[in-house]
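Worksheet for the structure shown next.
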Amino acid sequence: MTTNEETSSLPGPVQEFHPEGAQRSGIDTTFRGPTGIRAGWRLLLFIFLWLVCIKAEGFTLKHIPGVNAWFKAQDPNVFTPPVAIFSEAIMLFALLVATAVMALIEKRTYADYYLPLNQFLGKRFWQGVPYGFAMLSLALGLIAALHGFSLGSVALSGAEALKYGGLYGIAFLMVGLFEEFCFRGYMQATLGPGIGFWPAAILLAILFGAIHLSNGGEAWFGAAMAGSFGILAAFSLQRTGNLWFPIGMHAAWDWSETFFYSVPDSGFLAKGHLFNSTFHGPTWLTGGTVGPEGSVFAFLVLIVGGVGIHFIFPQKQISA
């Protein structure tokens with residue numbers, strides 16, 4: 001299937017021909033269903049390949065003295081653009097390789113996993129960028145209205161602001177690509193045809209939120225909001241037909257949170273932020289060390305975001 005920007009149709013399961021009446025062994029039926037290799041086995045193979053790639057990259061980089069020494073010298077509690085780009089590049093490369101191998105096995109393309117490469121940084125992505133920025137701005141605006149947030153003075157000069165803004169833009173583009181393609185790409189495309197689009201989306205959103213608990217400074221409410229963001233991303237995927245809108249939305253949310261508004265992001269306060277922003281007030285209002293995702297207004301903003309997507313990208317009506 002070829003996915004384009006103007007369709008909300010989503011690819012179906014991998015099809016495999018079985019001659020009518022052919023006898024299949026018990027082992028064969030364990031691994032194969034009516035539509036080919038069972039989704040569970042494909043998911044396990046995908047995860048295995050991804051982990052193997054991660055290990056291979058780690059082994060290789062560990063044996064490059066300069067790279068290994070540089071990485072060990074970094075403070076794990078300080079979020080910087082080089083560390084973010086380096087870490088995300090490792091994860092993203094492994095994800096792309098694992099997906100490419102599965103695409104060869106399944107005779108599919110990245111577009112069948114909702115990532116048409118010919119639309120890289122295209123229309124849908126640039127629609128998602130202002131959308132994500134607007135949602136984060138709304139959340140902080142509501143917090144500020146109750147005197148819980150102050151923007152403060154400018155922390156960077158013009159040249160430094162451009163440098164860090166650009167570097168964080170690259171870093172969070174990679175974050176958006178990795179997290180959306182991982183949780184709303186191959187895994188969604190594999191699980192969805194078997195158990196339904198929304199059961200798969202909800203299951204993966206729960207997993208997405210739970211993984212955020214491993215971030216330093218994250219709290220259960222912030223993780224729940226991350227999972228809720230996953231539901232919003234899946235909704236935008238369903239309405240637009242591919243991942244470029246949610247990737248843009250995700251990248252812009254993180255960029256505006258970390259760099260532009262200079263507030264904590266899942267427990268991290270970045271080095272090289274634009275303003276000397278401050279939170280003041282109870283954690284339920286500001287989110288505290290978690291950032292705006294931990295605020296009670298986060299869920300409201302996600303609902304508003306979902307309503308907006310509903311009207312901007314109306315569901316296609318199928319004629320009888």
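Simple scheme: letters A, B, ... for chains in structure tokens order, numbers from 1 for residues in each chain, numbers from 1 for ligands in the order shown.
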With only C-alpha atoms as the counted atoms, please give the residues lying no more than 10 Å from Phe259 of chain A, apart from itself and same-chain residues fewer than 2 positions off, as a list in words. Ala161, Tyr164, Gly165, Gly166, Leu167, Tyr168, Gly169, Asp254, Trp255, Ser256, Glu257, Tyr261, Ser262, Val263, Pro264, Asp265, Leu269, Ala270, Lys271, Gly272, His273, Leu274 and Phe275 of chain A
Would you kindly return, as a list of chain:residue names, each protein, DNA or RNA residue with an atom no farther than 9 Å from any atom of Phe125 of chain A, considering only C-alpha atoms and excluding same-chain residues fewer than 5 positions away?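 The residues that qualify are A:Gln119, A:Phe120, A:Leu243, A:Trp244, A:Phe245, A:Pro246, A:Ile247, A:Gly248, A:Met249.
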Resulting file, chosen residues, N, CA and C atoms, as an mmCIF file, in the first residue's frame:
```
data_model
loop_
_atom_site.group_PDB
_atom_site.id
_atom_site.type_symbol
_atom_site.label_atom_id
_atom_site.label_comp_id
_atom_site.auth_asym_id
_atom_site.auth_seq_id
_atom_site.Cartn_x
_atom_site.Cartn_y
_atom_site.Cartn_z
ATOM 1 N N GLN A 119 7.571 11.638 2.452
ATOM 2 C CA GLN A 119 6.925 12.776 3.102
ATOM 3 C C GLN A 119 7.749 13.286 4.286
ATOM 4 N N PHE A 120 9.021 12.904 4.346
ATOM 5 C CA PHE A 120 9.911 13.362 5.414
ATOM 6 C C PHE A 120 9.950 14.888 5.461
ATOM 7 N N LEU A 243 2.328 8.896 10.233
ATOM 8 C CA LEU A 243 2.885 9.365 11.498
ATOM 9 C C LEU A 243 3.491 10.761 11.449
ATOM 10 N N TRP A 244 3.512 11.405 10.305
ATOM 11 C CA TRP A 244 4.251 12.664 10.233
ATOM 12 C C TRP A 244 3.613 13.779 11.055
ATOM 13 N N PHE A 245 2.299 13.828 11.139
ATOM 14 C CA PHE A 245 1.675 14.842 12.002
ATOM 15 C C PHE A 245 2.014 14.596 13.476
ATOM 16 N N PRO A 246 1.802 13.388 14.019
ATOM 17 C CA PRO A 246 2.182 13.181 15.423
ATOM 18 C C PRO A 246 3.675 13.334 15.693
ATOM 19 N N ILE A 247 4.536 13.021 14.710
ATOM 20 C CA ILE A 247 5.976 13.240 14.907
ATOM 21 C C ILE A 247 6.253 14.732 15.077
ATOM 22 N N GLY A 248 5.677 15.564 14.206
ATOM 23 C CA GLY A 248 5.848 17.007 14.333
ATOM 24 C C GLY A 248 5.278 17.536 15.635
ATOM 25 N N MET A 249 4.109 17.058 16.010
ATOM 26 C CA MET A 249 3.463 17.477 17.256
ATOM 27 C C MET A 249 4.305 17.090 18.468
#
```
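For segment 74-76 of chain A, the residues within 12 Å (counting only C-alpha atoms, excluding itself and residues fewer than 2 positions away along the chain) are Val67, Asn68, Ala69, Trp70, Phe71, Lys72, Val78, Phe79, Thr80, Pro81, Pro82, Val83, Ala84, Phe86, Ser87, Asn215, Gly216, Phe268, Leu269, Ala270 and Lys271 of chain A.
Note that atom CA of Phe178 of chain A and atom CA of Ala103 of chain A are 17.0 Å apart.
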Can you pull out the residues contacting Ile303 of chain A? Cut-off 9 Å, using only C-alpha atoms, and skip same-chain residues under 5 positions away; I want them as a ChimeraX atom specification. /A:232,298,308
What lies within 10 Å of Ile47 of chain A using only C-alpha atoms, ignoring chain neighbours under 4 positions off, as a VMD selection string? chain A and resid 41 to 43 51 to 53 95 98 to 99 187
Save the residues we just selected, C-alpha atoms, as a compact mmCIF listing (two decimals), in the first residue's frame?
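Output file result_30.txt is given in full below:
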```txt
# COMPACT_ATOMS: atom_id res chain seq x y z
CA TRP A 41 6.02 -13.97 16.70
CA ARG A 42 6.64 -11.04 14.38
CA LEU A 43 6.64 -8.66 17.33
CA LEU A 51 17.91 -5.33 20.90
CA VAL A 52 20.61 -7.05 18.85
CA CYS A 53 21.20 -3.81 16.94
CA LEU A 95 14.77 0.83 15.18
CA ALA A 98 15.00 -3.77 12.75
CA THR A 99 12.00 -2.41 10.85
CA MET A 187 4.06 -2.40 16.60
```
Backbone DSSP call of strand (DSSP E or B) for segment 95-294 of chain A, listed as a ChimeraX atom specification: /A:149-150,154,265,268,270,275,278-279
Near Val304 of chain A, within 9 Å and counting only C-alpha atoms, which residues show up once chain neighbours fewer than 5 positions away are dropped, as a compact mmCIF listing (two decimals) with N, CA and C atoms, in the first residue's frame?
```txt
# COMPACT_ATOMS: atom_id res chain seq x y z
N MET A 135 -0.26 23.46 21.96
CA MET A 135 -0.76 22.70 23.10
C MET A 135 0.08 22.93 24.35
N PHE A 299 -4.08 16.94 31.10
CA PHE A 299 -5.15 16.10 30.54
C PHE A 299 -6.16 16.96 29.79
N ILE A 309 -8.02 18.04 16.49
CA ILE A 309 -7.70 17.09 15.42
C ILE A 309 -8.98 16.55 14.78
```
